[in-house]
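Below you'll find the structure, written out as structure tokens, and then a few comments.
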Amino acid sequence: MDVDAYLARIGYTGAREPRADVLSDLHRAHMLAVPFENLDIHLGVENVLDYDHVFDKIVTRRRGGWCYELNGLFALLLEALGFDVTRYSASVVLSEPPSPDFAHLTLRVDLDRPWLADVGFGASFTTPLCFEEEDDQERDRKRYRLARAPDGRMVLHEDDAPQYAFALEPRRMEEFAEMCARQQTEPGSHFLE
């Protein structure tokens with residue numbers, strides 16, 4: 001991981017120690033610098049879960065990406081800086097029916113307290129949410145809440161609108177490959193619309 005190049009891409013020049021304030025600053029810098037986008041699908045270019053490909057796309061070519069790319073690469077950056085990161089699979093519940101599990105990748109970062117980090121859900125929270133806090137958490141004048149769900153947690157936004165639900169089961173990036181491919185090719189995928 002070329003940490004310096006990644007940090008330059010997101011315009012981050014601050015501290016690099018694994019602390020909550022550093023995580024918050026990195027998350028915000030990433031959200032403001034790297035857009036969520038799925039243009040490759042419409043251009044007939046396959047999105048793959050290959051580190052070198054994703055790094056080249058997001059850092060070198062200064063493109064955006066979707067959750068597997070953005071959160072996958074962000075997790076590697078955090079780990080390179082000494083953060084303890086867990087990958088979780090999620091189901092997007094913005095509409096009925098909800099998407100299948102593994103349709104989204106989100107991150108847990110354990111420091112003095114656990115945090116939910118997610119730089120790959122489009123216009124979402126700009127700094128991590130405290131995992132243990134069940135009350136509203138304001139981010140840039142918008143309210144978010146982590147509610148308990150049958151198998152884990154659900155992210156709620158303004159007026160308790162559900163965003164996505166995730167189980168508290170650690171995942172490996174390889175486990176997202178099948179859904180990554182399906183969302184680019186399967187009829188009915190909202191990424192093909």
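Identifiers for the structure tokens are assigned positionally: chains receive A, B, ... in sequence, residues are indexed from 1 per chain, and ligands are indexed from 1 in the order shown.
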
Shell around stretch 64-80 of chain A at 9 Å using only C-alpha atoms, local window under 4 positions removed, as a PyMOL selection string: chain A and resi 1-3+6-7+18+23+26-27+30+33-40+47-51+54-55+57-59+84-87+103-107+109+117-122+173+176+180

For A:Pro162: contacts at 8 Å, only C-alpha atoms, fewer than 6 positions along chain excluded, given as JSON, numbers by chain: {"A": [93, 94, 154, 155, 156]}

Write the residues you've just listed into a file as a compact mmCIF listing (two decimals), in the first residue's frame, and include all heavy atoms for each of them.
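File out07.txt, as written:
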# COMPACT_ATOMS: atom_id res chain seq x y z
N VAL A 93 -31.47 -1.84 2.63
CA VAL A 93 -32.90 -1.91 2.93
C VAL A 93 -33.60 -0.59 2.62
O VAL A 93 -34.60 -0.26 3.25
CB VAL A 93 -33.15 -2.36 4.39
CG1 VAL A 93 -32.69 -3.79 4.60
CG2 VAL A 93 -32.44 -1.44 5.38
N LEU A 94 -33.10 0.12 1.63
CA LEU A 94 -33.71 1.39 1.25
C LEU A 94 -35.08 1.20 0.62
O LEU A 94 -35.91 2.10 0.64
CB LEU A 94 -32.81 2.13 0.24
CG LEU A 94 -31.52 2.71 0.79
CD1 LEU A 94 -30.63 3.17 -0.35
CD2 LEU A 94 -31.80 3.85 1.73
N MET A 154 -28.64 -2.06 12.30
CA MET A 154 -29.20 -1.41 11.13
C MET A 154 -28.88 0.07 11.21
O MET A 154 -29.00 0.68 12.28
CB MET A 154 -30.72 -1.60 11.07
CG MET A 154 -31.35 -0.97 9.83
SD MET A 154 -33.13 -1.25 9.73
CE MET A 154 -33.17 -3.02 9.54
N VAL A 155 -28.44 0.64 10.10
CA VAL A 155 -28.17 2.07 10.03
C VAL A 155 -29.46 2.77 9.63
O VAL A 155 -30.07 2.43 8.61
CB VAL A 155 -27.06 2.38 9.00
CG1 VAL A 155 -26.86 3.89 8.88
CG2 VAL A 155 -25.76 1.71 9.41
N LEU A 156 -29.87 3.72 10.45
CA LEU A 156 -31.07 4.52 10.19
C LEU A 156 -30.65 5.95 9.94
O LEU A 156 -29.69 6.45 10.53
CB LEU A 156 -32.03 4.46 11.38
CG LEU A 156 -32.46 3.07 11.83
CD1 LEU A 156 -33.27 3.16 13.13
CD2 LEU A 156 -33.25 2.36 10.77

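Residues of stretch 98-193 of chain A carrying a DSSP assignment of helix (DSSP H, G or I), computed from the backbone, are Met173, Glu174, Glu175, Phe176, Ala177, Glu178, Met179, Cys180, Ala181, Arg182, Gln183, Gln184, Thr185, His190, Phe191 and Leu192 of chain A.
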
Could you save the residues just selected, with all heavy atoms, as a CSV table (one decimal), in the first residue's frame?
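File produced: part.csv:
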chain,number,residue,atom,x,y,z
A,173,MET,N,-12.6,-10.3,2.1
A,173,MET,CA,-13.0,-9.7,0.8
A,173,MET,C,-13.4,-10.7,-0.3
A,173,MET,O,-14.3,-10.4,-1.1
A,173,MET,CB,-11.8,-8.8,0.3
A,173,MET,CG,-11.7,-7.4,0.9
A,173,MET,SD,-13.2,-6.4,0.8
A,173,MET,CE,-13.4,-6.1,-0.9
A,174,GLU,N,-12.8,-11.8,-0.3
A,174,GLU,CA,-13.1,-12.9,-1.2
A,174,GLU,C,-14.6,-13.3,-1.2
A,174,GLU,O,-15.2,-13.7,-2.2
A,174,GLU,CB,-12.3,-14.1,-1.0
A,174,GLU,CG,-10.8,-13.9,-1.0
A,174,GLU,CD,-10.2,-13.5,0.3
A,174,GLU,OE1,-10.5,-14.1,1.4
A,174,GLU,OE2,-9.5,-12.4,0.3
A,175,GLU,N,-15.2,-13.1,0.0
A,175,GLU,CA,-16.6,-13.5,0.2
A,175,GLU,C,-17.5,-12.5,-0.6
A,175,GLU,O,-18.7,-12.9,-0.8
A,175,GLU,CB,-16.9,-13.6,1.7
A,175,GLU,CG,-16.2,-14.7,2.4
A,175,GLU,CD,-16.6,-14.7,3.9
A,175,GLU,OE1,-17.6,-15.3,4.2
A,175,GLU,OE2,-15.8,-14.0,4.6
A,176,PHE,N,-17.0,-11.4,-1.0
A,176,PHE,CA,-17.9,-10.4,-1.7
A,176,PHE,C,-17.8,-10.6,-3.2
A,176,PHE,O,-18.6,-9.9,-3.9
A,176,PHE,CB,-17.4,-9.0,-1.3
A,176,PHE,CG,-17.7,-8.6,0.1
A,176,PHE,CD1,-16.8,-8.9,1.1
A,176,PHE,CD2,-18.9,-8.0,0.5
A,176,PHE,CE1,-17.0,-8.6,2.5
A,176,PHE,CE2,-19.2,-7.7,1.8
A,176,PHE,CZ,-18.3,-8.0,2.8
A,177,ALA,N,-16.9,-11.4,-3.7
A,177,ALA,CA,-16.7,-11.6,-5.1
A,177,ALA,C,-18.0,-12.0,-5.9
A,177,ALA,O,-18.3,-11.4,-6.9
A,177,ALA,CB,-15.6,-12.5,-5.4
A,178,GLU,N,-18.7,-12.9,-5.4
A,178,GLU,CA,-19.9,-13.4,-6.1
A,178,GLU,C,-20.9,-12.3,-6.2
A,178,GLU,O,-21.5,-12.1,-7.3
A,178,GLU,CB,-20.5,-14.6,-5.4
A,178,GLU,CG,-21.8,-15.1,-6.1
A,178,GLU,CD,-22.5,-16.3,-5.3
A,178,GLU,OE1,-21.9,-16.9,-4.4
A,178,GLU,OE2,-23.6,-16.5,-5.7
A,179,MET,N,-21.2,-11.6,-5.2
A,179,MET,CA,-22.2,-10.5,-5.2
A,179,MET,C,-21.7,-9.3,-6.0
A,179,MET,O,-22.5,-8.7,-6.7
A,179,MET,CB,-22.6,-10.1,-3.8
A,179,MET,CG,-23.8,-9.1,-3.8
A,179,MET,SD,-25.3,-9.7,-4.6
A,179,MET,CE,-25.9,-10.8,-3.4
A,180,CYS,N,-20.4,-9.1,-6.0
A,180,CYS,CA,-19.8,-8.0,-6.8
A,180,CYS,C,-20.1,-8.3,-8.3
A,180,CYS,O,-20.5,-7.5,-9.1
A,180,CYS,CB,-18.3,-8.0,-6.6
A,180,CYS,SG,-17.5,-6.7,-7.6
A,181,ALA,N,-19.9,-9.6,-8.7
A,181,ALA,CA,-20.2,-10.0,-10.1
A,181,ALA,C,-21.7,-9.9,-10.4
A,181,ALA,O,-22.1,-9.4,-11.5
A,181,ALA,CB,-19.6,-11.4,-10.3
A,182,ARG,N,-22.5,-10.4,-9.5
A,182,ARG,CA,-23.9,-10.5,-9.7
A,182,ARG,C,-24.5,-9.1,-9.9
A,182,ARG,O,-25.4,-8.9,-10.8
A,182,ARG,CB,-24.7,-11.2,-8.6
A,182,ARG,CG,-24.5,-12.7,-8.6
A,182,ARG,CD,-25.2,-13.4,-7.4
A,182,ARG,NE,-26.6,-13.0,-7.3
A,182,ARG,CZ,-27.3,-13.2,-6.2
A,182,ARG,NH1,-26.7,-13.8,-5.1
A,182,ARG,NH2,-28.5,-12.8,-6.1
A,183,GLN,N,-24.1,-8.1,-9.1
A,183,GLN,CA,-24.7,-6.8,-9.2
A,183,GLN,C,-24.3,-6.1,-10.5
A,183,GLN,O,-24.9,-5.1,-10.8
A,183,GLN,CB,-24.2,-6.0,-8.0
A,183,GLN,CG,-24.9,-6.5,-6.7
A,183,GLN,CD,-24.8,-5.5,-5.6
A,183,GLN,OE1,-25.7,-4.7,-5.4
A,183,GLN,NE2,-23.7,-5.4,-4.9
A,184,GLN,N,-23.3,-6.6,-11.2
A,184,GLN,CA,-22.9,-6.0,-12.5
A,184,GLN,C,-23.6,-6.7,-13.7
A,184,GLN,O,-23.5,-6.1,-14.8
A,184,GLN,CB,-21.4,-6.1,-12.7
A,184,GLN,CG,-20.6,-5.3,-11.6
A,184,GLN,CD,-19.1,-5.6,-11.8
A,184,GLN,OE1,-18.5,-5.1,-12.7
A,184,GLN,NE2,-18.5,-6.3,-10.8
A,185,THR,N,-24.2,-7.9,-13.5
A,185,THR,CA,-24.7,-8.6,-14.6
A,185,THR,C,-26.1,-9.1,-14.5
A,185,THR,O,-26.7,-9.4,-15.4
A,185,THR,CB,-23.8,-9.9,-14.8
A,185,THR,OG1,-23.8,-10.7,-13.6
A,185,THR,CG2,-22.3,-9.5,-15.1
A,190,HIS,N,-30.1,-2.8,-9.4
A,190,HIS,CA,-30.3,-1.4,-9.5
A,190,HIS,C,-29.0,-0.7,-10.1
A,190,HIS,O,-29.1,0.4,-10.6
A,190,HIS,CB,-30.7,-0.7,-8.2
A,190,HIS,CG,-29.7,-0.8,-7.1
A,190,HIS,ND1,-29.6,-1.9,-6.3
A,190,HIS,CD2,-28.8,0.1,-6.7
A,190,HIS,CE1,-28.6,-1.6,-5.4
A,190,HIS,NE2,-28.2,-0.4,-5.7
A,191,PHE,N,-27.9,-1.4,-10.1
A,191,PHE,CA,-26.7,-0.8,-10.7
A,191,PHE,C,-26.7,-0.8,-12.2
A,191,PHE,O,-25.9,-0.2,-12.9
A,191,PHE,CB,-25.4,-1.5,-10.2
A,191,PHE,CG,-25.1,-1.2,-8.8
A,191,PHE,CD1,-25.3,-2.1,-7.8
A,191,PHE,CD2,-24.6,0.0,-8.5
A,191,PHE,CE1,-25.1,-1.8,-6.5
A,191,PHE,CE2,-24.3,0.4,-7.1
A,191,PHE,CZ,-24.5,-0.6,-6.1
A,192,LEU,N,-27.6,-1.6,-12.8
A,192,LEU,CA,-27.8,-1.7,-14.3
A,192,LEU,C,-28.8,-0.7,-14.8
A,192,LEU,O,-29.0,-0.6,-16.0
A,192,LEU,CB,-28.1,-3.1,-14.7
A,192,LEU,CG,-27.1,-4.2,-14.3
A,192,LEU,CD1,-27.6,-5.6,-14.7
A,192,LEU,CD2,-25.7,-3.9,-15.0

Filtered DSSP result for chain A, state strand (DSSP E), as a PyMOL selection string: chain A and resi 84-92+104-110+114-117+129-130+137-139+142-149+152-157+161-167

Computed interatomic separation between atom CA of A:Arg61 and atom CA of A:Phe102 (Å):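 If I compute the distance from atom CA of A:Arg61 to atom CA of A:Phe102, I get 26.8 Å.
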
Point-to-point distance in Å for atom CA of A:Lys142 and atom CA of A:Thr127: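 Between atom CA of A:Thr127 and atom CA of A:Lys142 the gap is 11.5 Å.
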
Within 9 Å of A:Arg16 using only C-alpha atoms, minus same-chain residues under 4 positions, as a PyMOL selection string: chain A and resi 22-23+81-82

Selection near A:Cys130, 7 Å with only C-alpha atoms, sequence-local residues under 6 positions removed, as a PyMOL selection string: chain A and resi 114-116

Just all heavy atoms for this one: save the residues we selected as an mmCIF file, in the first residue's frame.
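File produced: again.cif:
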data_model
loop_
_atom_site.group_PDB
_atom_site.id
_atom_site.type_symbol
_atom_site.label_atom_id
_atom_site.label_comp_id
_atom_site.auth_asym_id
_atom_site.auth_seq_id
_atom_site.Cartn_x
_atom_site.Cartn_y
_atom_site.Cartn_z
ATOM 1 N N PRO A 114 -15.617 0.900 19.635
ATOM 2 C CA PRO A 114 -15.798 0.494 18.238
ATOM 3 C C PRO A 114 -16.553 1.551 17.435
ATOM 4 O O PRO A 114 -17.442 2.233 17.962
ATOM 5 C CB PRO A 114 -16.610 -0.795 18.350
ATOM 6 C CG PRO A 114 -17.322 -0.687 19.654
ATOM 7 C CD PRO A 114 -16.459 0.144 20.561
ATOM 8 N N TRP A 115 -16.178 1.680 16.158
ATOM 9 C CA TRP A 115 -16.773 2.669 15.264
ATOM 10 C C TRP A 115 -17.233 2.017 13.978
ATOM 11 O O TRP A 115 -16.578 1.088 13.491
ATOM 12 C CB TRP A 115 -15.747 3.759 14.926
ATOM 13 C CG TRP A 115 -15.309 4.529 16.125
ATOM 14 C CD1 TRP A 115 -14.264 4.241 16.954
ATOM 15 C CD2 TRP A 115 -15.930 5.698 16.658
ATOM 16 N NE1 TRP A 115 -14.196 5.164 17.965
ATOM 17 C CE2 TRP A 115 -15.203 6.072 17.805
ATOM 18 C CE3 TRP A 115 -17.017 6.479 16.264
ATOM 19 C CZ2 TRP A 115 -15.529 7.185 18.562
ATOM 20 C CZ3 TRP A 115 -17.345 7.588 17.017
ATOM 21 C CH2 TRP A 115 -16.608 7.932 18.160
ATOM 22 N N LEU A 116 -18.314 2.518 13.393
ATOM 23 C CA LEU A 116 -18.760 2.084 12.076
ATOM 24 C C LEU A 116 -18.231 3.102 11.073
ATOM 25 O O LEU A 116 -18.582 4.285 11.133
ATOM 26 C CB LEU A 116 -20.286 2.010 11.991
ATOM 27 C CG LEU A 116 -20.813 1.506 10.645
ATOM 28 C CD1 LEU A 116 -20.513 0.012 10.477
ATOM 29 C CD2 LEU A 116 -22.300 1.773 10.508
#
